[in-house]
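The block underneath contains the structure these notes are about, expressed in structure tokens.
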Amino acid sequence: MKERAAHPRPLCSKFHRASELIGRRWTGAIIFVLMESRCRFATLRKEIPDITDRMLSERLFELEHEGIVERTVIPETPVRVEYALTKKGRELAAAVDAIGDWAKKWIEGDPPKAAASKTSARRKSA
């Protein structure tokens with residue numbers, strides 16, 4: 001068994017930034033859906049229950065800004081916009097798979113009712 005150090009190792013700033021980015025609400029779900037294939041906005045919206053158009057737009061913009069998602073405009077009538085993971089985004093596959101494996105093992109069923117009712121109440125008041 002590994003001995004614990006007398007002092008915990010310092011938090012790596014890159015790890016912290018990555019976990020804050022990927023751990024933002026809805027970001028994991030967006031990446032998870034895009035792991036399967038490139039998608040249009042409406043498809044992402046349909047595949048991610050309860051996300052609002054505004055939140056999806058914000059998260060896609062953030063992920064595009066970080067170089068994780070690419071936005072492609074297809075000039076036809078009507079104009080079509082598709083989103084896909086970049087090479088940098090696809091590199092998250094092992095992490096996403098590991099989180100999925102962990103969730104299957106440790107997360108039970110639906111979220112607790114208190115958390116679910118808070119989410120529902122917020123959506124109704126918005």
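The way I read the labels, and the way they are meant: chains A, B, ... in the order of the structure tokens, residue 1 as the first residue of every chain, and ligand 1 as the first ligand shown, with later ones counted on from there.
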(request) Give the strand (DSSP E) residues of region 4-88 of chain A, as DSSP finds them on the backbone, and put them as JSON, numbers by chain. (result) {"A": [39, 40, 69, 70, 71, 72, 73, 74, 80, 81, 82, 83, 84, 85]}
Store the residues of this selection in a file with C-alpha atoms, as an mmCIF file, in the first residue's frame.
data_model
loop_
_atom_site.group_PDB
_atom_site.id
_atom_site.type_symbol
_atom_site.label_atom_id
_atom_site.label_comp_id
_atom_site.auth_asym_id
_atom_site.auth_seq_id
_atom_site.Cartn_x
_atom_site.Cartn_y
_atom_site.Cartn_z
ATOM 1 C CA CYS A 39 -24.391 17.391 -34.559
ATOM 2 C CA ARG A 40 -26.530 20.360 -35.343
ATOM 3 C CA VAL A 69 -15.392 22.003 -30.313
ATOM 4 C CA GLU A 70 -15.363 23.275 -33.870
ATOM 5 C CA ARG A 71 -18.319 25.067 -35.425
ATOM 6 C CA THR A 72 -18.806 24.550 -39.155
ATOM 7 C CA VAL A 73 -21.162 26.708 -41.204
ATOM 8 C CA ILE A 74 -22.456 24.922 -44.287
ATOM 9 C CA ARG A 80 -26.675 24.788 -41.629
ATOM 10 C CA VAL A 81 -24.346 24.857 -38.622
ATOM 11 C CA GLU A 82 -22.729 21.702 -37.253
ATOM 12 C CA TYR A 83 -20.633 21.118 -34.167
ATOM 13 C CA ALA A 84 -17.921 18.497 -33.792
ATOM 14 C CA LEU A 85 -15.096 17.709 -31.440
#
(message) Residues within 12 Å of region 18-24 of chain A, please, as a ChimeraX atom specification. Count only C-alpha atoms; anything in the same chain fewer than 3 positions from it doesn't count.
(response) /A:11-15,27-32,55-56,58-60,62-68,89,92,95-96,99
Go ahead and write the selection's residues with N, CA and C atoms as an mmCIF file, in the first residue's frame.
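What ended up in selection_12.cif:
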data_model
loop_
_atom_site.group_PDB
_atom_site.id
_atom_site.type_symbol
_atom_site.label_atom_id
_atom_site.label_comp_id
_atom_site.auth_asym_id
_atom_site.auth_seq_id
_atom_site.Cartn_x
_atom_site.Cartn_y
_atom_site.Cartn_z
ATOM 1 N N LEU A 11 -2.038 21.481 -5.699
ATOM 2 C CA LEU A 11 -2.971 21.325 -6.808
ATOM 3 C C LEU A 11 -2.353 21.924 -8.062
ATOM 4 N N CYS A 12 -2.292 21.126 -9.090
ATOM 5 C CA CYS A 12 -1.749 21.579 -10.370
ATOM 6 C C CYS A 12 -2.740 22.558 -10.997
ATOM 7 N N SER A 13 -2.253 23.715 -11.391
ATOM 8 C CA SER A 13 -3.147 24.733 -11.956
ATOM 9 C C SER A 13 -3.782 24.264 -13.264
ATOM 10 N N LYS A 14 -3.066 23.475 -14.056
ATOM 11 C CA LYS A 14 -3.648 22.972 -15.308
ATOM 12 C C LYS A 14 -4.769 21.974 -15.020
ATOM 13 N N PHE A 15 -4.545 21.103 -14.027
ATOM 14 C CA PHE A 15 -5.588 20.146 -13.650
ATOM 15 C C PHE A 15 -6.822 20.895 -13.155
ATOM 16 N N THR A 27 -21.511 20.689 -19.747
ATOM 17 C CA THR A 27 -20.362 20.509 -20.639
ATOM 18 C C THR A 27 -20.072 19.037 -20.889
ATOM 19 N N GLY A 28 -20.093 18.237 -19.847
ATOM 20 C CA GLY A 28 -19.852 16.802 -20.010
ATOM 21 C C GLY A 28 -20.865 16.151 -20.935
ATOM 22 N N ALA A 29 -22.128 16.546 -20.799
ATOM 23 C CA ALA A 29 -23.183 15.983 -21.653
ATOM 24 C C ALA A 29 -22.969 16.367 -23.109
ATOM 25 N N ILE A 30 -22.570 17.618 -23.340
ATOM 26 C CA ILE A 30 -22.307 18.064 -24.716
ATOM 27 C C ILE A 30 -21.164 17.260 -25.321
ATOM 28 N N ILE A 31 -20.087 17.116 -24.580
ATOM 29 C CA ILE A 31 -18.936 16.350 -25.066
ATOM 30 C C ILE A 31 -19.334 14.898 -25.297
ATOM 31 N N PHE A 32 -20.111 14.327 -24.376
ATOM 32 C CA PHE A 32 -20.555 12.944 -24.500
ATOM 33 C C PHE A 32 -21.331 12.733 -25.806
ATOM 34 N N MET A 55 -28.188 28.212 -22.572
ATOM 35 C CA MET A 55 -27.081 27.504 -21.927
ATOM 36 C C MET A 55 -26.292 26.684 -22.944
ATOM 37 N N LEU A 56 -26.980 26.042 -23.866
ATOM 38 C CA LEU A 56 -26.295 25.270 -24.897
ATOM 39 C C LEU A 56 -25.420 26.192 -25.745
ATOM 40 N N GLU A 58 -24.084 29.069 -24.836
ATOM 41 C CA GLU A 58 -22.952 29.509 -24.021
ATOM 42 C C GLU A 58 -21.878 28.428 -23.906
ATOM 43 N N ARG A 59 -22.308 27.208 -23.627
ATOM 44 C CA ARG A 59 -21.333 26.122 -23.467
ATOM 45 C C ARG A 59 -20.629 25.822 -24.779
ATOM 46 N N LEU A 60 -21.352 25.821 -25.886
ATOM 47 C CA LEU A 60 -20.718 25.579 -27.187
ATOM 48 C C LEU A 60 -19.707 26.673 -27.494
ATOM 49 N N GLU A 62 -18.016 28.492 -25.293
ATOM 50 C CA GLU A 62 -16.859 28.262 -24.414
ATOM 51 C C GLU A 62 -15.976 27.134 -24.946
ATOM 52 N N LEU A 63 -16.613 26.034 -25.340
ATOM 53 C CA LEU A 63 -15.854 24.885 -25.842
ATOM 54 C C LEU A 63 -15.164 25.203 -27.163
ATOM 55 N N GLU A 64 -15.800 26.008 -27.991
ATOM 56 C CA GLU A 64 -15.178 26.439 -29.242
ATOM 57 C C GLU A 64 -13.984 27.348 -28.934
ATOM 58 N N HIS A 65 -14.161 28.251 -28.002
ATOM 59 C CA HIS A 65 -13.096 29.172 -27.600
ATOM 60 C C HIS A 65 -11.884 28.410 -27.043
ATOM 61 N N GLU A 66 -12.127 27.304 -26.343
ATOM 62 C CA GLU A 66 -11.052 26.489 -25.768
ATOM 63 C C GLU A 66 -10.436 25.522 -26.775
ATOM 64 N N GLY A 67 -11.010 25.465 -27.986
ATOM 65 C CA GLY A 67 -10.474 24.573 -29.011
ATOM 66 C C GLY A 67 -10.906 23.127 -28.854
ATOM 67 N N ILE A 68 -11.985 22.896 -28.121
ATOM 68 C CA ILE A 68 -12.487 21.539 -27.893
ATOM 69 C C ILE A 68 -13.563 21.182 -28.913
ATOM 70 N N GLY A 89 -10.595 17.857 -28.415
ATOM 71 C CA GLY A 89 -11.819 17.365 -27.793
ATOM 72 C C GLY A 89 -11.916 15.856 -27.785
ATOM 73 N N LEU A 92 -10.399 13.686 -25.065
ATOM 74 C CA LEU A 92 -11.116 13.511 -23.792
ATOM 75 C C LEU A 92 -11.831 12.161 -23.709
ATOM 76 N N ALA A 95 -11.045 9.994 -20.678
ATOM 77 C CA ALA A 95 -11.571 10.586 -19.442
ATOM 78 C C ALA A 95 -13.084 10.408 -19.364
ATOM 79 N N VAL A 96 -13.777 10.644 -20.476
ATOM 80 C CA VAL A 96 -15.233 10.487 -20.499
ATOM 81 C C VAL A 96 -15.606 9.031 -20.244
ATOM 82 N N ILE A 99 -15.129 8.260 -16.542
ATOM 83 C CA ILE A 99 -16.220 8.816 -15.739
ATOM 84 C C ILE A 99 -17.473 7.962 -15.910
#
(request) For CA of Ala93 (chain A) and CA of Trp26 (chain A), quote the distance in Å rounded to one decimal. (result)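 Pair CA of Ala93 (chain A) / CA of Trp26 (chain A) returns 16.4 Å.
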(message) Just to confirm, what's the straight-line distance from CA of Ser37 (chain A) to CA of Ala94 (chain A) in Å (one decimal)?
(response) 16.3 Å
